[in-house]
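Have a look at upload07.cif below; it lists mmCIF, C-alpha atoms.
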```
data_coords
#
loop_
_atom_site.group_PDB
_atom_site.id
_atom_site.type_symbol
_atom_site.label_atom_id
_atom_site.label_comp_id
_atom_site.auth_asym_id
_atom_site.auth_seq_id
_atom_site.Cartn_x
_atom_site.Cartn_y
_atom_site.Cartn_z
ATOM 1 C CA MET A 874 4.172 5.929 -21.899
ATOM 2 C CA ASN A 875 2.139 8.331 -23.907
ATOM 3 C CA THR A 876 -1.449 9.320 -23.250
ATOM 4 C CA LYS A 877 -2.831 7.647 -26.375
ATOM 5 C CA ASN A 878 -1.366 4.301 -25.313
ATOM 6 C CA LEU A 879 -2.742 4.675 -21.788
ATOM 7 C CA VAL A 880 -6.203 5.491 -23.128
ATOM 8 C CA LEU A 881 -6.205 2.492 -25.459
ATOM 9 C CA MET A 882 -4.971 0.195 -22.681
ATOM 10 C CA ALA A 883 -7.725 1.514 -20.394
ATOM 11 C CA LEU A 884 -10.288 0.861 -23.134
ATOM 12 C CA LEU A 885 -9.019 -2.701 -23.591
ATOM 13 C CA VAL A 886 -9.209 -3.380 -19.855
ATOM 14 C CA GLY A 887 -12.656 -1.753 -19.706
ATOM 15 C CA VAL A 888 -13.988 -3.823 -22.608
ATOM 16 C CA GLY A 889 -12.547 -6.943 -20.990
ATOM 17 C CA ALA A 890 -14.261 -6.077 -17.696
ATOM 18 C CA ALA A 891 -17.577 -5.419 -19.450
ATOM 19 C CA LEU A 892 -17.366 -8.732 -21.314
ATOM 20 C CA TYR A 893 -16.511 -10.517 -18.077
ATOM 21 C CA LEU A 894 -19.569 -9.052 -16.370
ATOM 22 C CA ILE A 895 -22.085 -9.792 -19.135
ATOM 23 C CA ILE A 896 -20.916 -13.260 -20.237
ATOM 24 C CA PRO A 897 -22.853 -15.967 -18.378
ATOM 25 C CA GLY A 898 -20.968 -18.516 -16.315
ATOM 26 C CA TYR A 899 -20.740 -22.247 -16.860
ATOM 27 C CA GLY A 900 -19.895 -25.137 -14.541
ATOM 28 C CA GLU A 901 -20.499 -23.805 -11.017
ATOM 29 C CA GLY A 902 -20.560 -20.187 -12.225
ATOM 30 C CA MET A 903 -17.027 -20.130 -13.656
ATOM 31 C CA LYS A 904 -16.524 -17.744 -16.566
ATOM 32 C CA PRO A 905 -14.052 -17.414 -19.408
ATOM 33 C CA ASP A 906 -11.705 -14.541 -18.657
ATOM 34 C CA PHE A 907 -11.988 -12.142 -21.566
ATOM 35 C CA MET A 908 -10.036 -9.601 -19.520
ATOM 36 C CA LEU A 909 -7.094 -11.927 -20.082
ATOM 37 C CA THR A 910 -7.653 -11.777 -23.848
ATOM 38 C CA MET A 911 -7.679 -7.989 -23.721
ATOM 39 C CA MET A 912 -4.499 -7.995 -21.645
ATOM 40 C CA PHE A 913 -2.811 -10.161 -24.283
ATOM 41 C CA ILE A 914 -3.959 -7.787 -27.037
ATOM 42 C CA GLY A 915 -2.581 -4.847 -25.061
ATOM 43 C CA ILE A 916 0.784 -6.566 -24.620
ATOM 44 C CA LEU A 917 0.940 -7.342 -28.345
ATOM 45 C CA LEU A 918 0.114 -3.730 -29.193
ATOM 46 C CA PHE A 919 2.455 -2.172 -26.620
ATOM 47 C CA PRO A 920 5.304 -4.609 -25.967
ATOM 48 C CA THR A 921 7.188 -2.694 -23.287
ATOM 49 C CA PHE A 922 7.717 -3.737 -19.701
ATOM 50 C CA LYS A 923 6.009 -0.633 -18.268
ATOM 51 C CA GLU A 924 2.852 -1.132 -20.296
ATOM 52 C CA THR A 925 2.836 -4.870 -19.598
ATOM 53 C CA PHE A 926 3.211 -4.341 -15.865
ATOM 54 C CA LEU A 927 0.448 -1.723 -15.833
ATOM 55 C CA LEU A 928 -1.897 -3.913 -17.878
ATOM 56 C CA ALA A 929 -1.192 -6.960 -15.706
ATOM 57 C CA ILE A 930 -1.816 -5.108 -12.425
ATOM 58 C CA ALA A 931 -4.986 -3.382 -13.679
ATOM 59 C CA THR A 932 -6.338 -6.605 -15.174
ATOM 60 C CA GLY A 933 -5.470 -8.569 -12.027
ATOM 61 C CA LEU A 934 -7.164 -6.074 -9.716
ATOM 62 C CA LEU A 935 -10.346 -5.944 -11.777
ATOM 63 C CA SER A 936 -10.412 -9.710 -12.292
ATOM 64 C CA GLY A 937 -9.981 -10.148 -8.560
ATOM 65 C CA LEU A 938 -12.762 -7.696 -7.751
ATOM 66 C CA PHE A 939 -15.193 -9.363 -10.138
ATOM 67 C CA SER A 940 -14.139 -12.939 -9.411
ATOM 68 C CA THR A 941 -16.881 -15.430 -8.579
ATOM 69 C CA PHE A 942 -14.233 -17.845 -7.273
ATOM 70 C CA PRO A 943 -14.215 -17.958 -3.453
ATOM 71 C CA GLY A 944 -11.091 -16.131 -2.267
ATOM 72 C CA GLY A 945 -10.107 -15.358 -5.860
ATOM 73 C CA PHE A 946 -8.862 -11.782 -5.359
ATOM 74 C CA VAL A 947 -5.188 -12.436 -4.548
ATOM 75 C CA PRO A 948 -4.814 -15.448 -6.862
ATOM 76 C CA ASN A 949 -6.127 -13.288 -9.738
ATOM 77 C CA ILE A 950 -3.553 -10.558 -9.111
ATOM 78 C CA ILE A 951 -0.675 -13.056 -8.902
ATOM 79 C CA ASP A 952 -1.948 -14.935 -11.947
ATOM 80 C CA LYS A 953 -2.245 -11.866 -14.184
ATOM 81 C CA LEU A 954 1.146 -10.518 -13.123
ATOM 82 C CA VAL A 955 2.954 -13.813 -13.777
ATOM 83 C CA THR A 956 1.067 -14.460 -17.009
ATOM 84 C CA GLY A 957 1.543 -10.923 -18.302
ATOM 85 C CA ILE A 958 5.293 -10.924 -17.736
ATOM 86 C CA VAL A 959 5.806 -14.408 -19.196
ATOM 87 C CA PHE A 960 3.636 -13.520 -22.211
ATOM 88 C CA PHE A 961 5.627 -10.301 -22.668
ATOM 89 C CA VAL A 962 8.942 -12.200 -22.632
ATOM 90 C CA ILE A 963 7.613 -14.690 -25.190
ATOM 91 C CA VAL A 964 6.342 -11.875 -27.427
ATOM 92 C CA LEU A 965 9.769 -10.233 -27.283
ATOM 93 C CA ALA A 966 11.491 -13.533 -28.080
ATOM 94 C CA LEU A 967 9.178 -14.117 -31.047
ATOM 95 C CA ARG A 968 8.984 -10.485 -32.115
ATOM 96 C CA GLN A 969 9.254 -11.266 -35.840
ATOM 97 C CA VAL A 970 6.278 -13.645 -35.935
ATOM 98 C CA ALA A 971 4.269 -12.682 -32.834
ATOM 99 C CA GLN A 972 2.259 -10.053 -34.734
ATOM 100 C CA LYS A 973 0.732 -12.637 -37.081
ATOM 101 C CA THR A 974 -2.803 -13.432 -35.962
ATOM 102 C CA ALA A 975 -2.396 -17.230 -36.161
ATOM 103 C CA VAL A 976 0.823 -17.208 -34.114
ATOM 104 C CA SER A 977 -0.667 -14.744 -31.643
ATOM 105 C CA ALA A 978 -3.781 -16.926 -31.258
ATOM 106 C CA VAL A 979 -1.587 -19.896 -30.325
ATOM 107 C CA LEU A 980 0.271 -17.674 -27.852
ATOM 108 C CA VAL A 981 -3.058 -16.548 -26.377
ATOM 109 C CA GLY A 982 -4.085 -20.184 -25.948
ATOM 110 C CA LEU A 983 -0.788 -21.017 -24.250
ATOM 111 C CA GLY A 984 -1.045 -17.877 -22.139
ATOM 112 C CA THR A 985 -4.539 -18.894 -21.051
ATOM 113 C CA ILE A 986 -3.228 -22.302 -19.998
ATOM 114 C CA LEU A 987 -0.468 -20.585 -18.007
ATOM 115 C CA SER A 988 -2.980 -18.195 -16.480
ATOM 116 C CA GLY A 989 -5.403 -20.950 -15.488
ATOM 117 C CA SER A 990 -2.633 -23.104 -14.047
ATOM 118 C CA THR A 991 -1.184 -20.195 -12.091
ATOM 119 C CA PHE A 992 -4.595 -19.140 -10.802
ATOM 120 C CA LEU A 993 -5.578 -22.638 -9.700
ATOM 121 C CA SER A 994 -2.162 -23.214 -8.083
ATOM 122 C CA MET A 995 -2.354 -19.936 -6.159
ATOM 123 C CA ALA A 996 -5.950 -20.592 -5.161
ATOM 124 C CA LEU A 997 -4.995 -24.079 -3.948
ATOM 125 C CA LEU A 998 -2.057 -22.720 -1.949
ATOM 126 C CA LEU A 999 -3.765 -19.648 -0.514
ATOM 127 C CA VAL A 1000 -7.441 -20.508 -0.014
ATOM 128 C CA GLY A 1001 -8.003 -24.084 -1.169
ATOM 129 C CA LEU A 1002 -10.256 -25.180 -3.978
ATOM 130 C CA PRO A 1003 -14.029 -24.894 -3.425
ATOM 131 C CA GLY A 1004 -16.060 -27.962 -2.607
ATOM 132 C CA GLY A 1005 -12.990 -30.207 -2.409
ATOM 133 C CA ALA A 1006 -12.624 -29.992 -6.181
ATOM 134 C CA ALA A 1007 -9.478 -31.449 -7.675
ATOM 135 C CA PHE A 1008 -7.030 -29.258 -9.573
ATOM 136 C CA SER A 1009 -7.269 -31.481 -12.651
ATOM 137 C CA ALA A 1010 -11.080 -31.432 -12.625
ATOM 138 C CA LEU A 1011 -11.165 -27.625 -12.547
ATOM 139 C CA PHE A 1012 -8.430 -27.445 -15.175
ATOM 140 C CA ILE A 1013 -10.410 -29.656 -17.558
ATOM 141 C CA ALA A 1014 -13.812 -28.126 -16.811
ATOM 142 C CA VAL A 1015 -12.826 -24.454 -16.681
ATOM 143 C CA VAL A 1016 -9.360 -23.758 -18.120
ATOM 144 C CA LEU A 1017 -9.549 -25.818 -21.310
ATOM 145 C CA PRO A 1018 -12.886 -24.311 -22.433
ATOM 146 C CA ALA A 1019 -11.458 -20.871 -21.601
ATOM 147 C CA VAL A 1020 -8.470 -21.586 -23.871
ATOM 148 C CA VAL A 1021 -10.799 -22.206 -26.806
ATOM 149 C CA LEU A 1022 -13.054 -19.226 -26.033
ATOM 150 C CA ASN A 1023 -10.126 -16.837 -25.528
ATOM 151 C CA ALA A 1024 -8.431 -17.958 -28.754
ATOM 152 C CA VAL A 1025 -11.667 -17.570 -30.749
ATOM 153 C CA ALA A 1026 -12.347 -14.165 -29.182
ATOM 154 C CA PHE A 1027 -8.784 -13.117 -29.989
ATOM 155 C CA ILE A 1028 -9.071 -14.249 -33.609
ATOM 156 C CA ILE A 1029 -12.213 -12.104 -33.953
ATOM 157 C CA ILE A 1030 -11.137 -9.026 -31.969
ATOM 158 C CA TYR A 1031 -7.413 -8.631 -32.747
ATOM 159 C CA PRO A 1032 -7.720 -8.022 -36.519
ATOM 160 C CA ILE A 1033 -10.492 -5.493 -35.889
ATOM 161 C CA ILE A 1034 -8.404 -3.534 -33.391
ATOM 162 C CA THR A 1035 -5.228 -3.649 -35.471
ATOM 163 C CA GLY A 1036 -7.144 -2.589 -38.581
ATOM 164 C CA LEU A 1037 -8.667 0.366 -36.758
ATOM 165 C CA LEU A 1038 -5.311 1.371 -35.334
ATOM 166 C CA LYS A 1039 -3.600 1.226 -38.719
ATOM 167 C CA ARG A 1040 -6.285 3.439 -40.215
ATOM 168 C CA SER A 1041 -5.965 5.976 -37.401
ATOM 169 C CA LYS A 1042 -2.149 6.025 -37.652
ATOM 170 C CA PHE A 1043 -1.847 5.020 -34.000
ATOM 171 C CA THR A 1044 1.739 4.305 -32.892
ATOM 172 C CA THR A 1045 1.966 0.694 -31.733
ATOM 173 C CA ALA A 1046 4.047 -2.358 -32.449
ATOM 174 C CA VAL A 1047 1.324 -3.332 -34.961
ATOM 175 C CA SER A 1048 1.681 -0.161 -36.978
ATOM 176 C CA GLN A 1049 5.472 -0.484 -36.920
ATOM 177 C CA ALA A 1050 5.417 -4.075 -38.185
#
```

Show me the file's structure as structure tokens.
Amino acid sequence: MNTKNLVLMALLVGVGAALYLIIPGYGEGMKPDFMLTMMFIGILLFPTFKETFLLAIATGLLSGLFSTFPGGFVPNIIDKLVTGIVFFVIVLALRQVAQKTAVSAVLVGLGTILSGSTFLSMALLLVGLPGGAAFSALFIAVVLPAVVLNAVAFIIIYPIITGLLKRSKFTTAVSQA
């Protein structure tokens, strides 16, 4: 890992954390997880296992710390680690087309579904769901809107970041494609 990559990954995680903190919640205070979107962008930019693992752990820890979900710290860490590694494997498998914004947006949507499902499953197993809420009710009310918001945010942010990186001659998978 080189220093430039670490700095950019830290910026992505920091921007994701800032967005998470300033975006208002909906439906019992739940929020879309823009840290997840930034993690996906980081994995697309730096598709190596080391970078993916580092991004997933950092994103999971910060998501857990800022979580408004009761007992959400550990489920967030597990969720981001599982989601990050699965997303990384899919990006490697689809290396030729994964850099296209439309394909990546679909992958982000699918990754958000995986993330939400993993988080809710871990929360159910480890701490239970708040207020006796059903898994399916939380999935429909929280995860599905997050899929749309994350995909839209990705479609807006990803081309901006890749354009800036190409202009600055930054070494990433994007500039090599």

Centre and size of axis-aligned box enclosing segment 968-980 of chain A plus 3 Å each side, as JSON:
```
{"center_x": 2.7, "center_y": -15.0, "center_z": -32.5, "size_x": 19.0, "size_y": 15.8, "size_z": 15.2}
```

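Coordinates place atom CA of Ile986 of chain A at a distance of 19.5 Å from atom CA of Ile1030 of chain A.
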
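Once the PyMOL selection byres ((chain A and resi 958) around 8) is applied to the shown structure, the selection contains Phe922, Thr925, Phe926, Ala929, Leu954, Val955, Thr956, Gly957, Val959, Phe960, Phe961 and Val962 of chain A.
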
Excluding Ala978 of chain A and any residue of its chain fewer than 6 positions from it, enumerate the residues within 8 Å of it, using all atoms listed in the file, and give them as a ChimeraX atom specification. /A:1024-1025,1027-1028

Could you please determine the separation between atom CA of Ala1019 of chain A and atom CA of Pro905 of chain A in Å, to one decimal place?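 The value is 4.8 Å.
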
Just say which residues the PyMOL selection byres ((chain A and resi 889) around 6) picks in this file, as a VMD selection string. chain A and resid 886 to 888 890 to 892 907 to 908 911

Suppose a student applies the PyMOL selection byres ((chain A and resi 963) around 12) to this structure; what residues should they get, written as a JSON list (two decimals) with C-alpha atoms, keeping the file's coordinate frame?
```
[["chain", "number", "residue", "atom", "x", "y", "z"],
["A", 913, "PHE", "CA", -2.81, -10.16, -24.28],
["A", 916, "ILE", "CA", 0.78, -6.57, -24.62],
["A", 917, "LEU", "CA", 0.94, -7.34, -28.34],
["A", 920, "PRO", "CA", 5.30, -4.61, -25.97],
["A", 956, "THR", "CA", 1.07, -14.46, -17.01],
["A", 957, "GLY", "CA", 1.54, -10.92, -18.30],
["A", 958, "ILE", "CA", 5.29, -10.92, -17.74],
["A", 959, "VAL", "CA", 5.81, -14.41, -19.20],
["A", 960, "PHE", "CA", 3.64, -13.52, -22.21],
["A", 961, "PHE", "CA", 5.63, -10.30, -22.67],
["A", 962, "VAL", "CA", 8.94, -12.20, -22.63],
["A", 964, "VAL", "CA", 6.34, -11.88, -27.43],
["A", 965, "LEU", "CA", 9.77, -10.23, -27.28],
["A", 966, "ALA", "CA", 11.49, -13.53, -28.08],
["A", 967, "LEU", "CA", 9.18, -14.12, -31.05],
["A", 968, "ARG", "CA", 8.98, -10.48, -32.12],
["A", 969, "GLN", "CA", 9.25, -11.27, -35.84],
["A", 970, "VAL", "CA", 6.28, -13.64, -35.94],
["A", 971, "ALA", "CA", 4.27, -12.68, -32.83],
["A", 972, "GLN", "CA", 2.26, -10.05, -34.73],
["A", 976, "VAL", "CA", 0.82, -17.21, -34.11],
["A", 977, "SER", "CA", -0.67, -14.74, -31.64],
["A", 979, "VAL", "CA", -1.59, -19.90, -30.32],
["A", 980, "LEU", "CA", 0.27, -17.67, -27.85],
["A", 981, "VAL", "CA", -3.06, -16.55, -26.38],
["A", 983, "LEU", "CA", -0.79, -21.02, -24.25],
["A", 984, "GLY", "CA", -1.04, -17.88, -22.14]]
```

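Ranking A:Leu909, A:Ile914, A:Leu879, A:Leu999 by their shortest atom-to-atom distance to Val947 of chain A, with only C-alpha atoms included, puts A:Leu999 first.
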